[in-house]
Protein chains: 2
Amino acid sequence: MNNNVSLDSLFKPKSIALIGAAHTEEKLGGVILKNLLKFKGAVYPVNPKYSELMGLKSYPSARDIPEPVDLAIIMRPAAEVPEILRELAGKAKSVIIASSGFAEIGENKIQNEVMKIGKEIGVRILGPNCMGIYNPSHRLDTFFLPDERLKRPKKGNVAVVSQSGAILSCLLGALETSNTGVSKAIGYGNAIDINEADIYEYLAKDKNTGVVISYIESLSDGRKFIEKAKILSEKKPLLILKAGKGVSGQAAAFSHTGRLAGRYEVFHSILRQFGIREVDDFDVLIDATKALAFQMPSKGNRVLIITNGGGSGVLAADECMRQGLEVAKLHVDKTEKLKKTFPHFYGINNPIDLTAQVKDEDYVTALNELKDDYDGFLVIALSNVLGITERLPEMMKACRADINKPIVFHIAQSGISKKLTALLEKAKIPVYPSPEKAVRALTALLSG
Amino acid sequence: MNNNVSLDSLFKPKSIALIGAAHTEEKLGGVILKNLLKFKGAVYPVNPKYSELMGLKSYPSARDIPEPVDLAIIMRPAAEVPEILRELAGKAKSVIIASSGFAEIGENKIQNEVMKIGKEIGVRILGPNCMGIYNPSHRLDTFFLPDERLKRPKKGNVAVVSQSGAILSCLLGALETSNTGVSKAIGYGNAIDINEADIYEYLAKDKNTGVVISYIESLSDGRKFIEKAKILSEKKPLLILKAGKGVSGQAAAFSHTGRLAGRYEVFHSILRQFGIREVDDFDVLIDATKALAFQMPSKGNRVLIITNGGGSGVLAADECMRQGLEVAKLHVDKTEKLKKTFPHFYGINNPIDLTAQVKDEDYVTALNELKDDYDGFLVIALSNVLGITERLPEMMKACRADINKPIVFHIAQSGISKKLTALLEKAKIPVYPSPEKAVRALTALLSG
C-alpha cells in the first residue's frame, strides 16, 4: 500500500462519495448523508433506488460517480464491500469503511479480501468497523450518529484518536460537557490499513492540533506505534488510554476487535521507557485533556495550594503526595510577609488557608507573592462563602498571564460555581469539581 | 459532661435560641436566622441592638430568653463565647458553637475554657468552629451558608458527618448534583464535646438514616471512634474518607484543626481489621454513596457486564480487575441459548456486547437469562444509538425488582443521557458517566 500518499484526502477532502446513502435518518447511511450536508465541497450519494437523496443527485453505483473523489465512505453490508471497493478503483484516493461485520465478529476472510483489494487499487483505507472522521475546521463529519444523539464539541486544539467508535463518542460527549474543543476526531476501527501510528504522524504536523489523546485496545504494528508516538509526543502532549489491561479486559478486547491486546505490562513499560504518557482511566483522561488543551505543560513538581476551605486543602495535599507532587513549605521570609499582610487567623502554610473570611483579592495577593517559588498552582475557591464573587475570574485572568505557569482551580458544586467555571475556563483556567481531580489535572500539566 | 443526655435536643430540638442573630444576610448571624425561619418550633434571636429581627422578637442577652430551649446556637466572636455559655446555664440542653477563632488558629486557651464551662453547666456542645446541623425532616438548618450559595440536597437516607465545614458543604453540593438525598448533615468542627463517635452512636439508631458517610481529619478518642464505627457499620453502610494521609496532608490538617492527624497507616489498618469501609477520595465517596443510598449492599464478587459499546465494556472489565471483581465467564449452556436468541454479530461473552444495533429489550433478555449466575450487574447503555430509547428505564425498573441484586448503569454524556439518568435514578438505579465510576460504585455495593 502506498504509505507516502498524504492523509489529506481523508482529513481534508475536496469531494466525497457516500456509498450506501439513504433517504432517512432512520438508516445509518441517512445519518451520514445528513452530516455531510454541512460539508462545503461536492458530495455524491450512491444508492440505486433513488435519483435524489436529501436534495442531492443520487448515483446508482460507485462506478457512476461523475468525477474522482478524495474520499469515499462505504456504509453497506460487509459482503458487498469487496465489490464496491473494486468499483472505486481510480475513483477515490481514500476510503472510510464504516460498516461492521468483519474481523470483530470473526469474519476474517472478508476482512483480508478487503485489505488485499485496497492494496491492489492503491487507496488508503480507514476501518472497517469505524466511526470515521470529524474535522470541524473543514466542516467534515462522517459519523453515523446524529447531532441530537451526540453533540459535537466545539472547534478546539484536541485531536481524539480512538480504535473504538463507542469510546470515541463517549470521549467527545465528555469533552463537550467539559468545555474542551477538538481539532479532529478519528475512529479507526479494525485498522486494516491506516492505524494509530499513521494518524499520529499526520497529527504531529497538523497545526490545528495541540494535544492528542488516543484510546487503544490492540496494536497491529507495535514498533511503528512506538516510533510515531515518540515523534508525536516530542512535539505535543500525547495521552494514551490503554484498554485490555487484565485477563478479563483482554478477553473483552479480543472479542471486540478480533485482535489480541498483548501483555499490558510490556506495553506499559515500553511507553514509560520512551517517555510517552499513559493515563489510568476515562475520567483522568478527560480531566488531563482539558488542562493540556488550556495551558502549556511545564517542568517541576513544587506545588502551591491556596484554599478557602481547610479540608479541601488537606484532600488536595493528600492527592499531591499520591501523584508525586511536592507541597513544599513557604520560604520563611514569605511567611513573615504574608502574616503581616493577611488577617491573623489565615493559615500561612502550604496550603495557604484563607478561611471562610476570604476575599477575591487574597488569592491574587498570595499568588503574586509566591509565583516565583513554585512550579504549579492549585487554587481552591469554594464559592458558597460571600467573599468569592464573579470578580475573581477577571482577576485570575490577569494573574495567569503574569505568572505564566500551570494553574488549575477546584470549585465545589454550589450556587455560583457554574458561572465562575464558565468565566475561568474562558480565560483558559481549567476548573474541577473535586480537589483530587484538580490535582490530577495539575499533574498532567507538570509532567511536561 | 453528661454523655447520657440524648442528642435529640441537638438533632430534633423543639425550640432554638440564636445568640449573635443579625438583621441582614450580609452577616453570618443573619444567614443562620434566615435559615431558622423555616423551623417549625420557637426561635429566639439574641442581639442587644435590636428589638426585632426578621419579624421575630429579639432578646438583649441569652439570660433574657423567656424559656429554656433545647438548642442554642452561638455565632459571636470567640472571646465572648465563655460568658455566653455561662448565661446559657440552665437555659439550653445543647449548644452549637458555630464561631471560629479557637484551637484551629492556635487559641487553645479559650477553647479549653469553653470546654470546662460546658462540663460545669452540663450542656452538650457541637463545635466550636463548625457548620452545625441540617435535618430536613425536622426543617432544621443551622448553617451559616445561604441556600443560593449552597443548594441543600433533597430529603433522603444519607447522613453526612464532617469535621470540616468546607468539606461538608462540598459533599452536600456534590450529593445534590448527584441526585442523592440526605437524612442529616453534621459539621462538628473542633469537637470539644460531641465527636464523630457520639454522632455515629446517634445515627446507628436513627430510622431516617440508611447510609452514613464521614469525613475525618483527626480523632480525639481513637478507641471510642472504633467502637462506635464498628457498631454503626454492622447496622448500616458507613463510608469513611480520611484526610491527612501523607506528610503534607497531615501538616495541612494540623494547621486546619489544631490536632495531629496521627499516622495514617495505623488508622487504615485498624479500619481494615474492624471491617469498616474506607474510600480513597472525594469522587469515589460521592459515587459509592449514591449506589448505597439507592440499593442494598450484597455479598459476592461475580459481575456481569452488558454493553452496547465494545470499548466501554473493556474499560469496565479492566476496572473490575483493579477492584477485585470477577468478570466471570458465562455458563456454556447460557452462551448457546443466547447465541440462538440474539443476532449472530452480538458478542456473547462477559462483557456481553449488544453492539450499536442494540434494542432496549436486549438488556432485559440478557439479564433475565443470567440473573441467577452473578452477584452484581453493570449495564452500559451508550445512548447515542437509536436503539436506546426512553422505554429502557421502565423496563429496567421491572427487571431490577425481579433480580433484587446490585445493578448499576453507565451512560455516557450525550443527547438523551440526562433524561435516561433521571428516569433510571427515579427507579433507584444509579447512573455514572464513565465505565470506571460505575464499576467503583458497584464495588461499594458488593463489599457488604
# chains A, B, ... in the order shown; residues from 1 in each chain; ligands from 1
>>> interface_residues(of="chain A", to="chain B", cutoff="6 Å", atoms="only C-alpha atoms", output="MDAnalysis selection string")
chainID A and resid 105 148:150 164 166:167 170 173:174 243:246 248:249 252:253 256 309:311 314:315 317:318 345 384 412:415
>>> write_last_selection(atoms="C-alpha atoms", output="PDB file, in the first residue's frame")
ATOM      1  CA  ILE A 105     -17.211 -10.806  14.622  1.00  0.00           C
ATOM      2  CA  GLU A 148     -29.006  15.269  18.700  1.00  0.00           C
ATOM      3  CA  ARG A 149     -27.639  11.938  19.927  1.00  0.00           C
ATOM      4  CA  LEU A 150     -24.016  13.112  20.086  1.00  0.00           C
ATOM      5  CA  SER A 164     -13.395   2.056  19.322  1.00  0.00           C
ATOM      6  CA  ALA A 166     -18.185   3.754  21.173  1.00  0.00           C
ATOM      7  CA  ILE A 167     -15.302   5.197  23.177  1.00  0.00           C
ATOM      8  CA  CYS A 170     -18.019   8.818  24.864  1.00  0.00           C
ATOM      9  CA  GLY A 173     -19.531  13.691  24.758  1.00  0.00           C
ATOM     10  CA  ALA A 174     -17.354  14.130  27.835  1.00  0.00           C
ATOM     11  CA  ALA A 243      -7.784  -0.831  27.488  1.00  0.00           C
ATOM     12  CA  GLY A 244      -7.484  -4.552  27.979  1.00  0.00           C
ATOM     13  CA  LYS A 245      -5.117  -4.370  30.934  1.00  0.00           C
ATOM     14  CA  GLY A 246      -6.129  -7.539  32.742  1.00  0.00           C
ATOM     15  CA  SER A 248     -10.949 -10.053  31.624  1.00  0.00           C
ATOM     16  CA  GLY A 249     -10.253  -6.811  29.801  1.00  0.00           C
ATOM     17  CA  ALA A 252     -13.201  -8.433  26.121  1.00  0.00           C
ATOM     18  CA  ALA A 253     -10.875  -6.546  23.788  1.00  0.00           C
ATOM     19  CA  HIS A 256     -14.488  -6.718  20.378  1.00  0.00           C
ATOM     20  CA  GLY A 309     -11.591  25.595  52.854  1.00  0.00           C
ATOM     21  CA  GLY A 310      -9.159  23.850  55.163  1.00  0.00           C
ATOM     22  CA  GLY A 311     -10.423  20.327  54.499  1.00  0.00           C
ATOM     23  CA  VAL A 314      -5.900  18.661  53.079  1.00  0.00           C
ATOM     24  CA  LEU A 315      -7.505  16.382  50.475  1.00  0.00           C
ATOM     25  CA  ALA A 317      -2.275  17.769  49.688  1.00  0.00           C
ATOM     26  CA  ASP A 318      -3.003  14.048  50.069  1.00  0.00           C
ATOM     27  CA  PHE A 345      -6.464  33.828  61.539  1.00  0.00           C
ATOM     28  CA  ASN A 384     -20.501  29.216  48.926  1.00  0.00           C
ATOM     29  CA  ALA A 412     -17.110  22.667  44.505  1.00  0.00           C
ATOM     30  CA  GLN A 413     -20.584  22.338  43.049  1.00  0.00           C
ATOM     31  CA  SER A 414     -22.740  25.077  44.532  1.00  0.00           C
ATOM     32  CA  GLY A 415     -24.693  28.235  43.802  1.00  0.00           C
TER      33      GLY A 415
END
>>> select_by_dssp(residues="region 26-273 of chain A", states="strand (DSSP E or B)", output="count of residues only")
56
>>> atom_distance(atom1="CA of Tyr202 (chain B)", atom2="CA of Leu140 (chain B)")
16.7 Å
>>> select_by_dssp(residues="region 12-191 of chain B", states="alpha helix (DSSP H)", output="PyMOL selection string")
chain B and resi 28-36+81-87+108-121+165-177
>>> residues_around(residues="Lys235 (chain A)", least_positions_apart="4", cutoff="9 Å", atoms="only C-alpha atoms", output="ChimeraX atom specification")
/A:204-205,210,230-231
>>> write_last_selection(atoms="C-alpha atoms", output="PDB file, in the first residue's frame")
ATOM      1  CA  ALA A 204       2.272  15.680  14.544  1.00  0.00           C
ATOM      2  CA  LYS A 205       2.275  18.065  11.576  1.00  0.00           C
ATOM      3  CA  GLY A 210      -2.086  21.000  20.137  1.00  0.00           C
ATOM      4  CA  LYS A 230       7.589   9.129  20.329  1.00  0.00           C
ATOM      5  CA  ILE A 231       7.912  11.657  17.499  1.00  0.00           C
TER       6      ILE A 231
END
>>> residues_around(residues="Arg63 (chain B)", least_positions_apart="6", cutoff="9 Å", atoms="only C-alpha atoms", output="MDAnalysis selection string")
chainID B and resid 84 87:89 91
>>> write_last_selection(atoms="C-alpha atoms", output="compact mmCIF listing (two decimals), in the first residue's frame")
# COMPACT_ATOMS: atom_id res chain seq x y z
CA ILE B 84 -22.41 33.49 76.68
CA GLU B 87 -25.50 32.80 80.63
CA LEU B 88 -26.93 29.68 78.98
CA ALA B 89 -26.60 27.61 82.18
CA LYS B 91 -31.30 27.65 79.63
>>> atom_distance(atom1="CA of Ser58 (chain A)", atom2="CA of Lys116 (chain A)")
28.6 Å
>>> closest_residue(among="B:Asn195, B:Thr443, B:Asn179, B:Thr389", to="Ser220 (chain B)", atoms="only C-alpha atoms")
B:Asn195
>>> residues_around(residues="region 403-406 of chain B", least_positions_apart="5", cutoff="12 Å", atoms="only C-alpha atoms", output="PyMOL selection string")
chain B and resi 291-304+364+366-379+396-398+428-430+438-439+441-448
>>> write_last_selection(atoms="C-alpha atoms", output="compact mmCIF listing (two decimals), in the first residue's frame")
# COMPACT_ATOMS: atom_id res chain seq x y z
CA ALA B 291 -25.15 3.50 44.98
CA LEU B 292 -25.65 2.67 48.68
CA ALA B 293 -28.42 5.25 49.03
CA PHE B 294 -30.33 3.63 46.16
CA GLN B 295 -29.72 -0.09 46.72
CA MET B 296 -28.96 -2.64 49.41
CA PRO B 297 -25.37 -3.86 49.50
CA SER B 298 -24.80 -7.54 48.89
CA LYS B 299 -22.12 -10.22 49.07
CA GLY B 300 -20.12 -11.75 46.24
CA ASN B 301 -17.81 -10.53 43.51
CA ARG B 302 -19.03 -12.14 40.30
CA VAL B 303 -20.06 -9.39 37.92
CA LEU B 304 -21.88 -9.47 34.60
CA VAL B 364 -33.82 -7.40 29.68
CA ALA B 366 -29.72 -10.91 28.85
CA LEU B 367 -30.45 -10.00 32.47
CA ASN B 368 -33.33 -12.46 32.76
CA GLU B 369 -31.24 -15.26 31.36
CA LEU B 370 -28.24 -14.63 33.63
CA LYS B 371 -29.65 -13.07 36.81
CA ASP B 372 -29.01 -16.18 38.93
CA ASP B 373 -25.42 -16.64 37.77
CA TYR B 374 -23.94 -13.35 39.01
CA ASP B 375 -23.78 -11.23 42.18
CA GLY B 376 -23.92 -7.83 40.56
CA PHE B 377 -24.68 -6.27 37.18
CA LEU B 378 -23.22 -3.40 35.21
CA VAL B 379 -25.34 -2.21 32.32
CA MET B 396 -35.14 -1.82 33.94
CA LYS B 397 -37.38 -0.86 36.82
CA ALA B 398 -39.35 -4.09 36.46
CA LYS B 428 -33.26 3.70 42.21
CA ILE B 429 -30.79 2.53 39.60
CA PRO B 430 -27.66 4.72 39.91
CA ALA B 438 -19.85 2.71 37.55
CA VAL B 439 -17.59 -0.23 38.45
CA ALA B 441 -19.92 2.16 42.64
CA LEU B 442 -20.80 -1.48 42.03
CA THR B 443 -17.78 -2.43 44.13
CA ALA B 444 -19.23 -0.42 47.02
CA LEU B 445 -22.49 -2.36 46.70
CA LEU B 446 -20.69 -5.71 46.63
CA SER B 447 -18.49 -5.13 49.70
CA GLY B 448 -21.45 -5.54 52.04
>>> residues_around(residues="Glu234 (chain B)", least_positions_apart="4", cutoff="9 Å", atoms="only C-alpha atoms", output="number ranges by chain")
B: 229-230, 238, 275-276
>>> write_last_selection(atoms="C-alpha atoms", output="short mmCIF file (atom, residue, chain, number, x, y, z; two decimals), in the first residue's frame")
data_model
loop_
_atom_site.label_atom_id
_atom_site.label_comp_id
_atom_site.auth_asym_id
_atom_site.auth_seq_id
_atom_site.Cartn_x
_atom_site.Cartn_y
_atom_site.Cartn_z
CA ALA B 229 -17.89 2.96 64.00
CA LYS B 230 -17.97 -0.82 64.31
CA LEU B 238 -20.52 3.54 56.86
CA GLY B 275 -14.27 -4.25 58.71
CA ILE B 276 -15.01 -0.54 58.49
#
>>> decode(residues="region 2-39 of chain A", atoms="N, CA and C atoms", output="CSV table (one decimal), in the first residue's frame")
chain,number,residue,atom,x,y,z
A,2,ASN,N,0.4,2.3,-0.7
A,2,ASN,CA,1.3,3.4,-0.8
A,2,ASN,C,1.2,4.3,0.4
A,3,ASN,N,2.2,4.2,1.3
A,3,ASN,CA,2.1,4.9,2.6
A,3,ASN,C,2.6,6.4,2.4
A,4,ASN,N,3.0,6.7,1.2
A,4,ASN,CA,3.5,8.1,1.0
A,4,ASN,C,2.4,9.0,0.6
A,5,VAL,N,1.3,8.5,0.2
A,5,VAL,CA,0.2,9.3,-0.1
A,5,VAL,C,-0.2,10.0,1.2
A,6,SER,N,-0.4,11.3,1.2
A,6,SER,CA,-0.7,12.1,2.4
A,6,SER,C,-2.1,11.7,2.8
A,7,LEU,N,-2.4,11.8,4.1
A,7,LEU,CA,-3.8,11.6,4.5
A,7,LEU,C,-4.7,12.8,4.4
A,8,ASP,N,-4.2,13.8,3.7
A,8,ASP,CA,-5.0,15.0,3.5
A,8,ASP,C,-6.4,14.6,2.8
A,9,SER,N,-6.3,13.7,1.9
A,9,SER,CA,-7.6,13.3,1.2
A,9,SER,C,-8.6,12.8,2.2
A,10,LEU,N,-8.1,12.2,3.3
A,10,LEU,CA,-9.0,11.7,4.3
A,10,LEU,C,-9.5,12.8,5.2
A,11,PHE,N,-8.5,13.6,5.7
A,11,PHE,CA,-8.8,14.6,6.7
A,11,PHE,C,-9.4,15.9,6.1
A,12,LYS,N,-9.0,16.2,4.9
A,12,LYS,CA,-9.4,17.5,4.3
A,12,LYS,C,-9.8,17.2,2.8
A,13,PRO,N,-10.8,16.4,2.6
A,13,PRO,CA,-11.2,16.1,1.2
A,13,PRO,C,-11.8,17.3,0.6
A,14,LYS,N,-11.7,17.3,-0.8
A,14,LYS,CA,-12.4,18.4,-1.5
A,14,LYS,C,-13.7,17.8,-2.0
A,15,SER,N,-13.8,16.5,-2.1
A,15,SER,CA,-15.1,15.9,-2.6
A,15,SER,C,-15.3,14.6,-1.9
A,16,ILE,N,-16.5,14.2,-1.8
A,16,ILE,CA,-16.8,13.0,-1.0
A,16,ILE,C,-17.9,12.2,-1.7
A,17,ALA,N,-17.8,10.9,-1.8
A,17,ALA,CA,-18.9,10.0,-2.3
A,17,ALA,C,-19.3,9.2,-1.1
A,18,LEU,N,-20.6,8.9,-1.0
A,18,LEU,CA,-21.1,8.1,0.1
A,18,LEU,C,-21.9,6.9,-0.5
A,19,ILE,N,-21.3,5.7,-0.4
A,19,ILE,CA,-21.9,4.5,-1.0
A,19,ILE,C,-22.7,3.9,0.1
A,20,GLY,N,-24.0,3.8,-0.1
A,20,GLY,CA,-24.9,3.4,1.0
A,20,GLY,C,-25.7,4.5,1.6
A,21,ALA,N,-25.7,5.6,0.8
A,21,ALA,CA,-26.5,6.8,1.3
A,21,ALA,C,-28.0,6.4,1.4
A,22,ALA,N,-28.7,7.0,2.4
A,22,ALA,CA,-30.1,6.7,2.5
A,22,ALA,C,-31.0,7.9,2.6
A,23,HIS,N,-32.3,7.8,2.4
A,23,HIS,CA,-33.1,8.9,2.4
A,23,HIS,C,-33.6,9.4,3.7
A,24,THR,N,-33.4,8.5,4.8
A,24,THR,CA,-33.9,8.8,6.1
A,24,THR,C,-32.9,8.6,7.1
A,25,GLU,N,-33.0,9.4,8.2
A,25,GLU,CA,-32.0,9.3,9.3
A,25,GLU,C,-32.3,8.1,10.1
A,26,GLU,N,-33.4,7.4,9.8
A,26,GLU,CA,-33.6,6.1,10.5
A,26,GLU,C,-32.5,5.0,10.0
A,27,LYS,N,-31.9,5.3,8.9
A,27,LYS,CA,-30.8,4.4,8.5
A,27,LYS,C,-29.5,5.1,8.7
A,28,LEU,N,-28.5,4.3,9.0
A,28,LEU,CA,-27.1,4.9,9.3
A,28,LEU,C,-26.6,5.7,8.1
A,29,GLY,N,-26.9,5.2,6.8
A,29,GLY,CA,-26.5,5.8,5.6
A,29,GLY,C,-27.2,7.2,5.5
A,30,GLY,N,-28.3,7.3,6.0
A,30,GLY,CA,-29.0,8.6,6.0
A,30,GLY,C,-28.5,9.6,7.0
A,31,VAL,N,-28.1,9.0,8.2
A,31,VAL,CA,-27.4,9.9,9.2
A,31,VAL,C,-26.1,10.5,8.7
A,32,ILE,N,-25.3,9.6,8.0
A,32,ILE,CA,-24.1,10.1,7.5
A,32,ILE,C,-24.3,11.2,6.4
A,33,LEU,N,-25.3,10.9,5.5
A,33,LEU,CA,-25.6,11.9,4.5
A,33,LEU,C,-26.0,13.2,5.1
A,34,LYS,N,-26.9,13.2,6.1
A,34,LYS,CA,-27.3,14.4,6.8
A,34,LYS,C,-26.1,15.2,7.3
A,35,ASN,N,-25.2,14.4,7.9
A,35,ASN,CA,-24.0,15.1,8.5
A,35,ASN,C,-23.1,15.7,7.4
A,36,LEU,N,-23.1,15.0,6.2
A,36,LEU,CA,-22.3,15.5,5.1
A,36,LEU,C,-22.9,16.8,4.4
A,37,LEU,N,-24.2,17.0,4.7
A,37,LEU,CA,-24.8,18.2,4.1
A,37,LEU,C,-24.1,19.5,4.6
A,38,LYS,N,-23.4,19.5,5.8
A,38,LYS,CA,-22.7,20.6,6.3
A,38,LYS,C,-21.4,20.9,5.5
A,39,PHE,N,-20.9,19.8,4.8
A,39,PHE,CA,-19.6,19.9,4.1
A,39,PHE,C,-19.7,20.9,2.9
